[in-house]
Amino acid sequence: MQRTNMALITSDAGLIPATVTHHQASVHDQHSGRPRIRGEMSPALVYILQEAQRELGFGLSHNLGGEDLRLGSSEGRTGNRIEIINRVAERLGFTLSPYERDEVLSHLEQETKPFGILQALVDNPQISDIIVSSYSKVSVQQGRRNFSTDLSFPNQEVYEAFVERLLQRAGANYSTRTPISDGMIGAYARIHAVHRSLCESGPYLTIRLNRYAAVEIEDLVRNGMAPRAVFDYLRAIVHTGQTLLLVGEVGTGKTTLSRALAGSIPIDESILVIEDTPEIRLQHPHVRYVRTRIENSDGAGRVTPQECIRGGMRMAMNRIIFGEIRDAEAAEAFVDVCASGHPGISTIHARSAGEATTRLELFLGRAQKGVGRAVLSEQIVTAVQVIVFVDYCRQTGQRRIYEVKEIGPVADGVIRQRDIFRYQVVDGAPTWRVLNKVSAHRDLIEGLSVPVSLSALPGTLELSEEVGFREAAQSRNR
C-alpha cells in the first residue's frame, strides 16, 4: 500500500531516479480552502498522522529508524497501521477517503526508515549530496550539478523534528546559541544543519554521502579518476614519506582520494587522523583519530587544530592526516608538523594546484603577521612536496585528477613547480600528459621494491580499455 514509485528527474545532464509520492500534486486543502503546497498534508491529516505515530510508539521525538516490531511481518504491520489510522480518524470525527488514508500510511512507513522520505535518495549511488532548503524543497547534487525533486515533508513541524532526530543520530545538536552543526552518521553520511534563526526558510539541511565504506586505489583506477601509472607515482610518493596536499572544490573527491592514498603508508608506521567532522576511516593496524571541537554555548571547551597536533607529537605518531585546511590556524599547524619531520596528507579548497600554494601563503601570512613572503614560501616547500588537483570534468561527467605537481625549492622568492601529470580531453577521450619524466624524488621512488620510473612512461596516458569502454557507454546513455 506504500504510495511511492521511482520517478525520473530530467535535466541536460541526464536522468536521476528519485522517490516521488503520488499525492504530491498541488491540491486544495479541503478544510481551509487555501491552495496547498505540493506535498504538504492538511492540518487534519497531520494531526491524524501524529496520533497514529503515538499509538505505534514512535512519535515525532522518536529516533529515526524506529520500528514497532510488535506488529509482526511487513504485511502485518501495514494492515495494523491501516486499522490504527482508521481508528484514530474515527475517534477524531473524520471519514478518510482511500487516497487520504494512503497519504497518512505512506508517511508512517517512511518514518520507519533511517532517513525517512530521503531514504531513496540516500540509497541512490548517483547522488553525492542531498540539499533541503525548506520542508517543501528538496534537491540533490550529482557531479556538481543540482536537480530538484518532488519530495516534500508534510509540514514545517515534521521537518524540524526530522532534522533534530538526524542530528541526534549524528551526535550533534543545534540551537539559537549554536546555530550551525555538523556530525557523521556512521562513515557514510555527513550531516550539516543551519538553524532557522539564521535563514529565511530553514532549517537548512545538507547530507554529504560517502559512497565508499572502504576505498582503495584500485577502486579509483576502476572508476577512471586517473590511469594506474598516475596512482603508482602517488603511491610511491606517499610510501617514501613525502607530504601530499590534495586540492579541489567541494565534492570533487579530495577526501576519498586521501583515504585511498593513505593505504600506501607502510603498515609498521603509526597514523594520527585529525578532523573536525569524522569522515576518514582507514584500514590500517596503527591508526588513531582525534577531533577538533568548537566552543560550547558558554564559550568554553574549544579544542584547536594546534592542540590536537601538539598532542599528536606526544603520541609517537609517524604520519599525520589532517582533514581539511580551512583557516590560518589549521594551515600553520599542518605546515609546522610536516616541516618537523612528520609527513602527511591534507586537503585544501582551491581551483588549481598553483592557487593552493597562494592560499597557503595567505593563511600563513595571517597567522604570522609581519613575516615576509619568502619566509612563508620556504615553510611551504619544507612541509609539502607534491600537490594534486582534482576536479569534476564536465565533458566526461567524471571526477578526475587534473594536475600533479612537485614543488620547491624557492628561487628569487618564487616557489618552483615541476609539472608531472596534466589531464585534458583529446577528441573526446580522457588523456593525461606526462610533462616531466624526472622527479625530484627519483632516487626514492625508483629504489622501492616495486620501483616507479617516470622515464619509462609514454608521453601520454589513457584509461584502460575496460574503463574507457564503460565510460563511453555511460556517456551515450546521458
# chains A, B, ... in the order shown; residues from 1 in each chain; ligands from 1
call {"tool": "residues_around", "arguments": {"residues": "Tyr47 in chain A", "least_positions_apart": "5", "cutoff": "10 Å", "atoms": "only C-alpha atoms", "output": "number ranges by chain"}}
result
A: 41-42, 52-53, 88-89, 92, 104
call {"tool": "atom_distance", "arguments": {"atom1": "CA of Val247 in chain A", "atom2": "CA of Phe389 in chain A"}}
result
4.6 Å
call {"tool": "closest_residue", "arguments": {"among": "A:Met225, A:Leu56, A:Val158, A:Ile180", "to": "Ile294 in chain A", "atoms": "only C-alpha atoms"}}
result
A:Ile180
call {"tool": "residues_around", "arguments": {"residues": "Leu118 in chain A", "least_positions_apart": "4", "cutoff": "10 Å", "atoms": "only C-alpha atoms", "output": "PyMOL selection string"}}
result
chain A and resi 18-19+110+113-114+122-123+130+132+138+151-153+207
call {"tool": "select_by_dssp", "arguments": {"residues": "range 328-410 of chain A", "states": "strand (DSSP E)", "output": "list of chain:residue names"}}
result
A:Gly344, A:Ile345, A:Ser346, A:Thr347, A:Ile348, A:His349, A:Val386, A:Ile387, A:Val388, A:Phe389, A:Val390, A:Asp391, A:Tyr392, A:Cys393, A:Gln398, A:Arg399, A:Arg400, A:Ile401, A:Tyr402, A:Glu403, A:Val404, A:Lys405, A:Glu406, A:Ile407, A:Gly408, A:Pro409, A:Val410
call {"tool": "write_last_selection", "arguments": {"atoms": "C-alpha atoms", "output": "PDB file, in the first residue's frame"}}
result
ATOM      1  CA  GLY A 344      51.212  13.765   5.995  1.00  0.00           C
ATOM      2  CA  ILE A 345      48.208  14.254   3.755  1.00  0.00           C
ATOM      3  CA  SER A 346      45.738  17.121   3.881  1.00  0.00           C
ATOM      4  CA  THR A 347      43.165  18.870   1.682  1.00  0.00           C
ATOM      5  CA  ILE A 348      42.503  22.485   0.824  1.00  0.00           C
ATOM      6  CA  HIS A 349      39.877  24.247  -1.278  1.00  0.00           C
ATOM      7  CA  VAL A 386      53.559  17.201  -4.003  1.00  0.00           C
ATOM      8  CA  ILE A 387      50.267  18.906  -4.865  1.00  0.00           C
ATOM      9  CA  VAL A 388      47.397  17.018  -6.528  1.00  0.00           C
ATOM     10  CA  PHE A 389      44.482  18.939  -8.034  1.00  0.00           C
ATOM     11  CA  VAL A 390      41.196  17.054  -8.522  1.00  0.00           C
ATOM     12  CA  ASP A 391      38.101  18.327 -10.270  1.00  0.00           C
ATOM     13  CA  TYR A 392      34.895  17.254 -11.972  1.00  0.00           C
ATOM     14  CA  CYS A 393      35.191  17.009 -15.761  1.00  0.00           C
ATOM     15  CA  GLN A 398      33.655  12.069 -14.130  1.00  0.00           C
ATOM     16  CA  ARG A 399      35.898  13.130 -11.247  1.00  0.00           C
ATOM     17  CA  ARG A 400      39.499  13.317 -12.431  1.00  0.00           C
ATOM     18  CA  ILE A 401      42.996  14.004 -11.171  1.00  0.00           C
ATOM     19  CA  TYR A 402      43.749  17.129 -13.214  1.00  0.00           C
ATOM     20  CA  GLU A 403      47.239  18.114 -12.106  1.00  0.00           C
ATOM     21  CA  VAL A 404      50.128  16.581 -10.213  1.00  0.00           C
ATOM     22  CA  LYS A 405      52.985  18.942  -9.315  1.00  0.00           C
ATOM     23  CA  GLU A 406      56.147  18.680  -7.286  1.00  0.00           C
ATOM     24  CA  ILE A 407      57.038  21.921  -5.536  1.00  0.00           C
ATOM     25  CA  GLY A 408      60.251  23.505  -4.315  1.00  0.00           C
ATOM     26  CA  PRO A 409      62.761  24.930  -3.911  1.00  0.00           C
ATOM     27  CA  VAL A 410      62.255  28.709  -3.628  1.00  0.00           C
TER      28      VAL A 410
END
call {"tool": "closest_residue", "arguments": {"among": "A:Leu234, A:Val371, A:Val425, A:Leu209", "to": "Ala262 in chain A", "atoms": "only C-alpha atoms"}}
result
A:Leu234
call {"tool": "residues_around", "arguments": {"residues": "Pro305 in chain A", "least_positions_apart": "4", "cutoff": "8 Å", "atoms": "only C-alpha atoms", "output": "list of chain:residue names"}}
result
A:Ile274, A:Thr292, A:Ile309, A:Glu329, A:Ala330, A:Ala333
call {"tool": "select_by_dssp", "arguments": {"residues": "range 50-266 of chain A", "states": "helix (DSSP H, G or I)", "output": "PyMOL selection string"}}
result
chain A and resi 50-56+69-71+74-91+98-111+116-123+156-169+196-198+217-222+228-239+254-262
call {"tool": "closest_residue", "arguments": {"among": "A:Ser297, A:Gly372, A:Gln306, A:Ile217", "to": "Arg177 in chain A", "atoms": "only C-alpha atoms"}}
result
A:Ser297
